Structure formats: structure tokens, C-alpha cells
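my_file.txt follows (compact mmCIF, C-alpha atoms):
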```
# COMPACT_ATOMS: atom_id res chain seq x y z
CA MET D 25 0.00 0.00 0.00
CA ALA D 26 1.27 3.46 -0.85
CA VAL D 27 1.28 5.77 2.16
CA ASN D 28 -0.40 9.11 1.44
CA ARG D 29 -0.90 10.42 4.97
CA LEU D 30 0.95 9.24 8.08
CA GLY D 31 -0.37 9.42 11.63
CA MET D 32 1.78 8.87 14.74
CA VAL D 33 0.95 8.08 18.36
CA VAL D 34 4.00 8.73 20.55
CA HIS D 35 4.70 7.90 24.20
CA GLN D 36 6.10 11.33 25.07
CA ALA D 37 7.59 10.19 28.39
CA ARG D 38 10.03 7.86 26.63
CA PRO D 39 12.95 9.61 24.90
CA THR D 40 13.55 6.56 22.68
CA ALA D 41 9.99 6.81 21.39
CA VAL D 42 10.34 10.53 20.70
CA ALA D 43 13.60 9.96 18.81
CA ALA D 44 12.08 7.16 16.73
CA ALA D 45 9.13 9.40 15.87
CA ARG D 46 11.57 12.01 14.58
CA THR D 47 12.98 9.37 12.22
CA ALA D 48 9.48 8.67 10.90
CA ARG D 49 8.77 12.36 10.50
CA ALA D 50 11.99 12.83 8.51
CA TRP D 51 11.10 9.85 6.31
CA ALA D 52 7.67 11.34 5.59
CA ALA D 53 9.21 14.72 4.71
CA ALA D 54 11.69 13.07 2.34
CA HIS D 55 8.82 11.33 0.53
CA GLY D 56 6.51 14.34 0.42
CA ILE D 57 3.98 12.65 2.75
CA SER D 58 1.88 14.58 5.25
CA CYS D 59 2.59 13.56 8.83
CA PHE D 60 0.46 14.27 11.92
CA GLU D 61 0.73 13.35 15.58
CA LEU D 62 -2.47 11.93 17.08
CA ASP D 63 -3.91 11.65 20.59
CA VAL D 64 -1.84 14.52 21.94
CA TRP D 65 -2.87 15.99 25.31
CA ARG D 66 -2.38 19.70 25.77
CA GLY D 67 -2.94 21.36 29.13
CA ASP D 68 -6.34 20.66 30.62
CA GLN D 69 -8.10 20.11 27.31
CA PRO D 70 -10.25 16.96 27.22
CA ARG D 71 -9.26 14.09 24.96
CA ARG D 72 -11.08 13.73 21.67
CA SER D 73 -12.89 10.67 20.38
CA ALA D 74 -11.26 8.39 17.80
CA GLN D 75 -13.39 9.87 15.03
CA GLU D 76 -12.46 13.43 16.01
CA GLU D 77 -8.76 12.53 16.16
CA SER D 78 -8.82 10.90 12.72
CA ALA D 79 -10.73 13.82 11.18
CA ALA D 80 -8.30 16.36 12.66
CA ALA D 81 -5.39 14.47 11.08
CA GLY D 82 -7.10 14.25 7.69
CA HIS D 83 -7.85 10.51 8.00
CA PRO D 84 -4.35 8.96 7.71
CA ASP D 85 -4.03 5.62 5.91
CA LEU D 86 -1.17 4.43 8.15
CA ILE D 87 -0.84 4.98 11.91
CA VAL D 88 2.50 4.19 13.54
CA THR D 89 2.77 3.92 17.32
CA PHE D 90 5.96 4.52 19.30
CA GLY D 91 5.79 2.99 22.76
CA GLY D 92 4.69 -0.23 24.39
CA ASP D 93 1.53 -2.24 24.02
CA GLY D 94 -0.54 0.45 25.76
CA THR D 95 0.52 3.04 23.19
CA PHE D 96 -0.17 0.55 20.42
CA LEU D 97 -3.72 -0.01 21.69
CA ARG D 98 -4.33 3.75 21.57
CA GLY D 99 -3.20 3.90 17.96
CA ALA D 100 -4.90 0.67 16.95
CA ARG D 101 -8.32 1.95 18.04
CA LEU D 102 -7.77 5.11 16.01
CA ALA D 103 -6.69 3.07 13.00
CA ALA D 104 -9.66 0.69 13.19
CA ARG D 105 -12.12 3.55 13.46
CA ASN D 106 -10.69 5.09 10.29
CA GLY D 107 -9.92 1.94 8.27
CA ALA D 108 -6.20 2.71 8.44
CA ALA D 109 -3.39 0.18 8.87
CA ALA D 110 -1.50 0.09 12.18
CA LEU D 111 2.21 -0.50 12.75
CA GLY D 112 3.72 -0.72 16.24
CA VAL D 113 7.29 0.28 17.11
CA ASN D 114 8.31 -1.36 20.38
CA VAL D 115 10.02 0.75 23.03
CA GLY D 116 8.24 -0.97 25.92
CA ARG D 117 9.13 -3.92 28.13
CA VAL D 118 6.96 -6.67 26.63
CA GLY D 119 5.94 -5.65 23.12
CA PHE D 120 3.56 -8.52 22.47
CA LEU D 121 1.51 -6.51 19.95
CA THR D 122 4.18 -4.28 18.44
CA GLU D 123 5.97 -5.38 15.28
CA ILE D 124 9.38 -3.70 14.92
CA ARG D 125 12.31 -2.23 16.87
CA VAL D 126 13.31 1.43 16.80
CA ASP D 127 16.24 0.71 14.48
CA GLN D 128 13.84 -0.73 11.87
CA VAL D 129 11.56 2.30 11.48
CA GLU D 130 12.88 3.59 8.16
CA ASP D 131 13.13 0.14 6.57
CA ALA D 132 9.60 -0.72 7.74
CA LEU D 133 8.11 2.48 6.32
CA ASN D 134 9.84 1.81 3.00
CA ALA D 135 8.44 -1.72 2.96
CA VAL D 136 4.90 -0.47 3.56
CA HIS D 137 5.16 2.33 1.03
CA GLU D 138 6.60 0.03 -1.64
CA GLY D 139 3.98 -2.70 -1.11
CA ARG D 140 6.35 -5.25 0.43
CA ALA D 141 4.44 -5.55 3.73
CA THR D 142 1.35 -7.65 4.37
CA ILE D 143 -1.84 -6.77 6.23
CA GLU D 144 -3.18 -9.08 8.94
CA GLU D 145 -6.74 -8.56 10.19
CA ARG D 146 -7.87 -9.01 13.79
CA MET D 147 -11.32 -9.17 15.33
CA LEU D 148 -12.51 -6.29 17.54
CA LEU D 149 -15.35 -5.93 20.04
CA THR D 150 -18.06 -3.29 20.07
CA LEU D 151 -20.86 -2.60 22.54
CA ARG D 152 -24.56 -2.02 23.01
CA ALA D 153 -25.79 -0.76 26.37
CA SER D 154 -29.05 -0.22 28.18
CA ARG D 155 -28.16 3.48 28.45
CA PRO D 156 -25.30 5.78 27.44
CA LEU D 157 -22.15 5.27 29.52
CA GLU D 158 -21.41 8.11 31.92
CA MET D 159 -18.55 9.05 34.23
CA PRO D 160 -19.53 9.99 37.82
CA GLU D 161 -18.64 13.46 39.02
CA GLY D 162 -15.14 13.59 40.49
CA MET D 163 -13.99 10.40 38.76
CA GLU D 164 -12.09 12.33 36.08
CA ALA D 165 -9.95 14.15 38.64
CA LEU D 166 -9.15 10.90 40.46
CA LEU D 167 -8.07 9.09 37.30
CA ARG D 168 -5.98 11.98 36.04
CA TYR D 169 -3.65 11.91 39.03
CA GLY D 170 -0.19 11.53 37.51
CA ARG D 171 -1.61 10.78 34.05
CA GLY D 172 -3.20 12.45 31.07
CA PRO D 173 -6.93 13.00 30.68
CA VAL D 174 -9.16 9.95 30.27
CA PRO D 175 -11.04 9.36 27.00
CA PRO D 176 -14.62 10.61 26.93
CA PRO D 177 -17.52 8.17 27.33
CA PRO D 178 -18.40 6.64 23.94
CA LYS D 179 -21.10 8.25 21.85
CA VAL D 180 -24.00 6.62 20.05
CA ARG D 181 -22.85 4.99 16.81
CA PRO D 182 -23.51 7.26 13.80
CA GLY D 183 -26.49 6.31 11.67
CA CYS D 184 -28.11 4.21 14.41
CA ALA D 185 -31.24 4.94 16.36
CA PRO D 186 -30.53 5.75 20.02
CA GLU D 187 -32.51 2.70 21.12
CA GLU D 188 -34.04 0.00 18.97
CA ALA D 189 -36.98 -1.71 20.69
CA GLY D 190 -35.08 -2.91 23.75
CA TRP D 191 -31.92 -3.98 21.92
CA GLY D 192 -29.98 -1.21 23.63
CA ILE D 193 -27.98 1.77 22.48
CA PRO D 194 -25.20 1.03 19.93
CA LEU D 195 -22.00 2.69 21.14
CA ASP D 196 -19.41 4.13 18.78
CA VAL D 197 -16.45 2.34 20.34
CA ASN D 198 -14.15 -0.61 19.69
CA ALA D 199 -11.92 -2.73 21.92
CA VAL D 200 -8.80 -4.46 20.63
CA ASN D 201 -8.07 -6.52 23.75
CA ASP D 202 -11.00 -6.59 26.15
CA VAL D 203 -13.99 -5.07 27.90
CA VAL D 204 -13.76 -5.37 31.69
CA PHE D 205 -16.59 -5.04 34.21
CA GLU D 206 -15.12 -4.61 37.69
CA LYS D 207 -16.24 -3.57 41.14
CA LEU D 208 -15.84 0.13 41.85
CA ALA D 209 -15.65 -0.10 45.67
CA ARG D 210 -12.87 -2.08 47.31
CA ASP D 211 -15.15 -3.44 50.04
CA ARG D 212 -18.05 -4.58 47.85
CA GLN D 213 -18.15 -7.32 45.24
CA ALA D 214 -19.71 -6.81 41.85
CA GLY D 215 -22.89 -8.82 41.32
CA LEU D 216 -22.99 -9.69 37.62
CA GLY D 217 -25.26 -11.87 35.52
CA VAL D 218 -23.59 -13.17 32.35
CA TYR D 219 -25.77 -13.96 29.33
CA VAL D 220 -24.57 -15.80 26.23
CA SER D 221 -26.82 -15.43 23.18
CA ALA D 222 -29.49 -13.84 25.41
CA GLN D 223 -29.57 -16.83 27.81
CA LEU D 224 -28.41 -16.56 31.42
CA LEU D 225 -25.32 -18.69 31.97
CA ALA D 226 -24.31 -17.74 35.52
CA SER D 227 -24.64 -15.12 38.24
CA TYR D 228 -21.32 -14.09 39.73
CA SER D 229 -20.22 -12.27 42.86
CA ALA D 230 -16.72 -11.39 41.71
CA ASP D 231 -14.05 -8.77 41.44
CA ALA D 232 -14.54 -8.53 37.68
CA ILE D 233 -15.68 -10.16 34.46
CA ILE D 234 -13.37 -9.91 31.43
CA VAL D 235 -14.78 -10.18 27.91
CA ALA D 236 -11.85 -10.52 25.53
CA THR D 237 -10.99 -10.96 21.87
CA PRO D 238 -8.53 -13.68 20.83
CA THR D 239 -5.92 -10.91 20.60
CA GLY D 240 -6.72 -9.93 24.19
CA SER D 241 -6.59 -13.51 25.45
CA THR D 242 -2.88 -13.01 26.25
CA ALA D 243 -3.55 -9.83 28.27
CA TYR D 244 -5.69 -9.41 31.43
CA SER D 245 -7.71 -12.54 30.67
CA PHE D 246 -4.52 -14.61 30.63
CA ALA D 247 -3.36 -13.09 33.92
CA ALA D 248 -6.72 -14.07 35.44
CA GLY D 249 -6.27 -17.71 34.40
CA GLY D 250 -7.89 -17.61 30.97
CA PRO D 251 -6.66 -19.60 27.96
CA VAL D 252 -4.44 -18.49 25.11
CA VAL D 253 -6.61 -18.27 21.98
CA SER D 254 -5.08 -18.09 18.51
CA PRO D 255 -5.54 -14.64 16.94
CA TYR D 256 -6.50 -16.37 13.69
CA LEU D 257 -9.73 -17.49 15.38
CA ASP D 258 -12.79 -15.26 15.81
CA ALA D 259 -14.34 -15.91 19.23
CA VAL D 260 -15.57 -14.14 22.36
CA VAL D 261 -13.76 -15.13 25.56
CA PHE D 262 -15.07 -14.31 29.03
CA THR D 263 -13.19 -14.94 32.27
CA PRO D 264 -14.40 -14.27 35.84
CA VAL D 265 -11.88 -12.72 38.26
CA ALA D 266 -11.95 -14.05 41.85
CA PRO D 267 -15.57 -15.27 41.71
CA HIS D 268 -17.36 -16.54 44.83
CA ILE D 269 -18.68 -19.55 42.94
CA ALA D 270 -17.44 -23.06 42.23
CA PHE D 271 -17.59 -22.47 38.47
CA ASP D 272 -14.61 -20.19 37.98
CA ARG D 273 -13.63 -21.24 34.45
CA THR D 274 -13.31 -19.30 31.25
CA VAL D 275 -15.92 -19.80 28.56
CA VAL D 276 -15.02 -19.42 24.88
CA ALA D 277 -18.14 -18.49 22.92
CA ALA D 278 -18.61 -18.58 19.17
CA VAL D 279 -18.20 -15.31 17.34
CA ASP D 280 -21.95 -15.05 16.68
CA GLU D 281 -22.78 -15.54 20.38
CA PRO D 282 -22.84 -12.11 22.05
CA VAL D 283 -21.87 -11.92 25.72
CA ALA D 284 -23.94 -9.53 27.85
CA VAL D 285 -23.26 -8.52 31.45
CA ARG D 286 -26.07 -7.21 33.68
CA VAL D 287 -25.42 -5.53 37.05
CA LEU D 288 -27.58 -7.34 39.60
CA PRO D 289 -29.82 -5.48 42.10
CA THR D 290 -27.61 -6.26 45.13
CA SER D 291 -24.40 -5.13 43.44
CA GLY D 292 -22.42 -1.99 43.99
CA GLN D 293 -21.47 0.22 41.07
CA VAL D 294 -19.47 -1.41 38.28
CA ALA D 295 -16.74 0.25 36.21
CA VAL D 296 -16.56 -0.48 32.47
CA SER D 297 -13.07 -0.35 30.93
CA LEU D 298 -12.02 -0.85 27.33
CA ASP D 299 -8.42 -1.91 26.76
CA GLY D 300 -7.56 -0.78 30.27
CA GLN D 301 -9.20 2.67 30.04
CA LEU D 302 -12.26 3.48 32.15
CA ARG D 303 -15.12 4.59 29.90
CA GLY D 304 -18.14 4.63 32.22
CA VAL D 305 -19.83 3.36 35.37
CA LEU D 306 -22.90 1.12 35.59
CA ASN D 307 -25.57 1.05 38.30
CA PRO D 308 -27.69 -1.94 39.38
CA GLY D 309 -30.07 -2.85 36.55
CA ASP D 310 -27.77 -1.59 33.77
CA TRP D 311 -26.40 -3.96 31.15
CA VAL D 312 -23.81 -3.96 28.38
CA ALA D 313 -23.45 -6.49 25.54
CA ALA D 314 -20.10 -7.13 23.83
CA TYR D 315 -19.93 -8.68 20.37
CA ARG D 316 -17.82 -8.72 17.21
CA ALA D 317 -17.43 -5.26 15.71
CA PRO D 318 -18.33 -4.66 12.05
CA VAL D 319 -14.81 -3.31 11.44
CA ARG D 320 -11.51 -5.14 11.86
CA LEU D 321 -8.05 -4.04 12.92
CA ARG D 322 -5.56 -4.06 10.03
CA LEU D 323 -2.06 -4.82 11.32
CA VAL D 324 1.06 -4.24 9.24
CA ARG D 325 3.34 -7.29 9.19
CA LEU D 326 6.77 -7.24 7.58
CA ALA D 327 7.02 -11.04 7.65
CA PRO D 328 4.55 -13.88 8.17
CA THR D 329 3.30 -13.76 11.75
CA GLN D 330 4.69 -16.46 14.01
CA PHE D 331 2.28 -16.12 16.92
CA TYR D 332 3.48 -19.17 18.82
CA HIS D 333 7.11 -18.16 18.36
CA ARG D 334 6.26 -14.79 19.89
CA LEU D 335 4.26 -16.44 22.66
CA ARG D 336 7.17 -18.72 23.47
CA ASP D 337 9.66 -15.86 23.60
CA ARG D 338 7.56 -13.32 25.52
CA PHE D 339 6.58 -15.79 28.24
CA ARG D 340 9.89 -17.71 28.11
CA LEU D 341 8.11 -21.01 27.67
CA ALA D 342 11.24 -22.86 26.55
CA ASP D 343 13.35 -21.84 29.57
CA SER D 344 12.21 -24.50 32.05
CA PRO D 345 15.25 -25.78 33.98
CA ALA D 346 13.50 -29.15 34.40
CA ALA D 347 13.18 -29.81 30.66
CA ASP D 348 15.71 -30.51 27.96
CA ALA D 349 16.15 -28.00 25.20
CA ALA D 350 13.73 -28.59 22.33
CA PRO D 351 14.34 -27.62 18.69
CA PRO D 352 12.48 -24.40 17.80
CA PHE D 353 10.92 -25.89 14.64
CA TYR D 354 9.58 -29.17 13.41
CA ARG D 355 9.29 -28.30 9.75
CA PRO D 356 10.77 -30.68 7.14
CA SER D 357 12.30 -29.03 4.12
CA ALA D 358 10.53 -31.43 1.75
CA PRO D 359 7.37 -30.26 -0.07
CA ILE D 360 4.19 -30.29 2.00
CA PRO D 361 2.07 -33.41 1.36
CA PRO D 362 -1.31 -32.78 -0.35
CA ASP D 363 -3.36 -33.71 2.74
CA LEU D 364 -1.51 -31.03 4.76
CA ALA D 365 -1.53 -28.31 2.13
CA HIS D 366 -4.51 -26.47 3.66
CA LEU D 367 -2.83 -26.12 7.07
CA ARG D 368 -0.77 -23.20 8.39
CA PHE D 369 2.95 -23.87 8.74
CA PRO D 370 5.92 -21.58 9.38
CA PRO D 371 8.31 -21.01 6.49
CA VAL D 372 11.30 -23.32 6.18
CA PRO D 373 13.89 -22.01 8.63
CA ASP D 374 17.25 -20.89 7.35
CA GLU D 375 19.92 -23.54 7.54
CA PRO D 376 22.24 -22.97 10.52
CA PRO D 377 25.83 -22.14 9.60
CA GLU D 378 28.29 -25.02 9.51
CA PRO D 379 30.37 -25.15 12.71
CA ALA D 380 34.01 -24.24 12.29
CA PRO D 381 36.30 -27.28 12.30
CA GLU D 382 37.89 -27.82 15.68
CA SER D 383 41.61 -27.20 15.56
CA ARG D 384 44.06 -29.59 17.16
CA PRO D 385 46.66 -28.37 19.68
CA GLY D 386 50.18 -27.93 18.39
CA PRO D 387 53.32 -29.32 19.96
CA ASP D 388 53.50 -26.37 22.37
CA GLY D 389 49.87 -26.93 23.50
CA ARG D 390 48.47 -23.87 21.66
CA ARG D 391 45.68 -24.06 19.06
```

Just give me the structure as C-alpha cells.
Amino acid sequence: MAVNRLGMVVHQARPTAVAAARTARAWAAAHGISCFELDVWRGDQPRRSAQEESAAAGHPDLIVTFGGDGTFLRGARLAARNGAAALGVNVGRVGFLTEIRVDQVEDALNAVHEGRATIEERMLLTLRASRPLEMPEGMEALLRYGRGPVPPPPKVRPGCAPEEAGWGIPLDVNAVNDVVFEKLARDRQAGLGVYVSAQLLASYSADAIIVATPTGSTAYSFAAGGPVVSPYLDAVVFTPVAPHIAFDRTVVAAVDEPVAVRVLPTSGQVAVSLDGQLRGVLNPGDWVAAYRAPVRLRLVRLAPTQFYHRLRDRFRLADSPAADAAPPFYRPSAPIPPDLAHLRFPPVPDEPPEPAPESRPGPDGRR
């Protein structure tokens, strides 16, 4: 894809990210491409919605993030809302979602601009709610302590009726990783009824309920004991956090099975967060349904994605001191047999270099 307008989301507190963004800005100038920085907080001004940010930048077709996974999530939501591609530059500690290092910025931009990169699509979540999400008075000031302003509560999706015969209000918002419903007060559990395809599955008294995408299965849901789900699969994953119930397992629902969470009458208030950012508070009787969004995230990949390779490296799964070292691939170099041709395999790994012949000691004992 040829890049016509470049957007950047930069973690300003990290000098490495700022320096890498300067490299991207210089590349854009050398190619005559307009370049804009997105999601910038100035003074006490409130943050803008994803649509407002994209419009202010002239709707870029590529958004590059400079930071960790949190910065990437900010840029990815902007990209998905605008149909742009997203590329993550990792200057964080984990970098599970980001694609390249800071020393690869110029080469990566050239690859995208010259059509040598590929686009990988990921499922997102969107929401319907019994009422518009709102932030209680004073919550903004509490959340801003030591941080920038929080995003505004999501608006009603454009072109949709505010409420459609009890089906709820469609919200103009997407989540890349997860939607989390968690107790607002430390001393009071959240009472939550979970419905799958409009049928009650369970009533929980818990710290939280996580509704995640396959991409988000390696984030908060994983930390709460949920499974790793391949990002090539479309599914809705929900995981209870510290539930007071014997059934404390994750449920993986089909992509056409929406998961709704209702705040029960005996519950305290419940906070709703998208990708780790608080977007509203629910009262008893309120409900929110999460389901596959009509848009998808378009990720820039410079090479075929090796999800399990990345999973192994980020979580150090091959470092067990109790196990022998295992070869990183089992991939014969021979052609794939016809009955396996429809399956996904990594490319044939490069042949390792031949070891140097061991020299023999000379008469004086030296090699």
C-alpha cells in the first residue's frame, strides 16, 4: 500500500519513542507525505474521540505507534475507526503486539510504502448498552492523578437509532483486547449476571468479568487464568476474576454468540473499561453487551506472523530448567504433502551455519 498520509501516536515520556518518531517524521518529509501526531494531550483540554482525532489528522491511511503495548492499543483503536493500517514500534518492556524495533523504522516504512508488507486482520469488540455510559462526578480528577486526561464516554454509533426496541444503544467504540466489568468499591463485590446469546449462563459475585478478543486472550484474561486463543480465530472469551462460585472457568463463545453482562440489584457500582481505560460506570439494573465489531483491525506485518514463536519468547516457555532444550521448529524441508496443504505452517527455517572445524593443539599446546 502506498502511504499518502501518516499518523503517529508517541509515548512522550520515553525519549527513545520521541527519537524514533523524529525518524518517521523525517522519512515522511523526504517522501513528500503529510505527517500528523495523534492523541496529543495539551494542558487541561479533554481528549477527543477516535473519530475526532482521525478527522483532525485528515484521516491517515497508516498509523504508527511509538511505545509499548498500551501506546499501540491507543493507535490501533484510532486506526480501526478510520480503516487505516496500524504499525507498532516497540520501546516498551513486553511488546507482544508491536511489530518492529526502533532501528527498523525507516526500513519498515519503506516496505509499507513500496507494497512489500502484508496486512493481517484481527477481530474487535463493540458494545450495546441499556443506556449511554457516563462518568460519575469527580472520577475524572481521580483518574488523572499523575496521568493524562481519560477518553470521553463513547457516543451513540452514527447512523443508528438511540434505542431500537429494547436492543440497547449502539455505542461508537471498539476494543482491541478486552472489555472489563469490575467492582468500583474495594469493600463490595460486583454482582454480575452473564448472558450468552441472550440466555443466562451464571450469576457471579466477583471482582470482575473480562470479555476478551482472541488478541486480548494473552492480556488481562490470561493473567486471570484464561486460555491463550489463537488470533487467527474469531471468538468471544469471558473470564471471571476471583468469583465466589465453584464455576470459575473461562468460557469461549462462538463469534456469533454475544456476551452480555447485567449488574444485579444487590451489586455496587461497576466500572466499564475498554483496553484498560475506564469509559463509564454502571448502576444496578444496567447492562452492556459485547460482540464482534463490524470493522476489523488491520495490522502491518513485515514477515509472516509467528504467533506461537512470539508467545514462546515473551513468556519464556522454553526456559524451564526441568526440561531438555527442544528444537524451535519441526518443519521438514521437503514439499508439504497434499493432505496437509490447507494447514498453516511456518516457512522453512534458514539452515544454521556449519560449525568451524575444531583445531588440534600444536606441539607447544596452543591451538

Residues at most 8 Å from Gly304 in chain D, counting all atoms listed in the file, excluding those fewer than 3 positions away in the same chain, as a PDB file with C-alpha atoms, keeping the file's coordinate frame?
```
ATOM      1  CA  LEU D 157     -22.150   5.270  29.520  1.00  0.00           C
ATOM      2  CA  GLU D 158     -21.410   8.110  31.920  1.00  0.00           C
ATOM      3  CA  MET D 159     -18.550   9.050  34.230  1.00  0.00           C
ATOM      4  CA  PRO D 160     -19.530   9.990  37.820  1.00  0.00           C
ATOM      5  CA  PRO D 177     -17.520   8.170  27.330  1.00  0.00           C
ATOM      6  CA  ALA D 295     -16.740   0.250  36.210  1.00  0.00           C
ATOM      7  CA  VAL D 296     -16.560  -0.480  32.470  1.00  0.00           C
ATOM      8  CA  SER D 297     -13.070  -0.350  30.930  1.00  0.00           C
TER       9      SER D 297
END
```

Between D:Asn106, D:Gln330, D:Thr150, D:Gln301, which residue has the minimum interatomic distance to Val180 in chain D, considering all atoms listed in the file?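 Going through D:Asn106, D:Gln330, D:Thr150, D:Gln301 one by one, the smallest distance to Val180 in chain D is for D:Thr150.
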
Pick from D:Pro264, D:Gly217, D:Pro351, D:Pro238 nearest to Asp310 in chain D, counting all atoms listed in the file: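 Nearest candidate to Asp310 in chain D out of D:Pro264, D:Gly217, D:Pro351, D:Pro238: D:Gly217.
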
D:Thr263, D:Ser221, D:Thr329, D:Gln293 ranked by distance to Gly309 in chain D, top pick (using all atoms listed in the file):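 Nearest to Gly309 in chain D: D:Gln293.
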
Pick the closest to Phe120 in chain D from D:Gln213, D:Thr242, D:Asn134, D:Asn198: which is it, counting all atoms listed in the file?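 Distance minimum relative to Phe120 in chain D lands on D:Thr242.
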
Would you compute the distance between CA of Pro267 in chain D and CA of Thr290 in chain D? Give it in Å to one decimal.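 If I compute the distance from CA of Pro267 in chain D to CA of Thr290 in chain D, I get 15.4 Å.
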
Give the answer as one residue: which of D:Val126, D:Val200, D:Val42, D:Ala54 has the shortest atom-to-atom distance to Glu145 in chain D, using all atoms listed in the file?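 Closest to Glu145 in chain D, using all atoms listed in the file: D:Val200.
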
As an exercise, work out the distance from CA of Glu76 in chain D to CA of Leu306 in chain D in Å and give it to one decimal place.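 So the answer is 25.4 Å.
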
Quick one: distance from CA of Leu341 in chain D to CA of Asn201 in chain D in Å, one decimal?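 Separation between CA of Leu341 in chain D and CA of Asn201 in chain D: 22.1 Å.
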
What residues have an atom no more than 12 Å from (5.8, -4.1, 31.1) in the file's own frame, counting only C-alpha atoms, and can you write them as an MDAnalysis selection string? chainID D and resid 91:95 114:120 243 338

Pick out the residues sitting within 7 Å of range 121-125 of chain D, and hand them over as a PyMOL selection string; count all atoms listed in the file, and ignore anything fewer than 5 positions along from it in its own chain. chain D and resi 93+96+111-114+325

For Tyr228 in chain D, work out the shell of residues within 7 Å, counting all atoms listed in the file and skipping chain neighbours fewer than 2 positions away, then give it as a ChimeraX atom specification. /D:215-217,226,230,267-269

Between D:Ala232, D:Leu335, D:Val27, D:Ala110, single out the one closest to Val204 in chain D, counting all atoms listed in the file.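 Result for the nearest residue to Val204 in chain D: D:Ala232.
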
Non-local contacts of Arg98 in chain D (9 Å; only C-alpha atoms; under 3 positions in same chain excluded) as a list in words: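 Close residues of Arg98 in chain D: Val33, Asp63, Thr89, Asp93, Gly94, Thr95, Arg101, Leu102, Ala103 and Asp299 of chain D.
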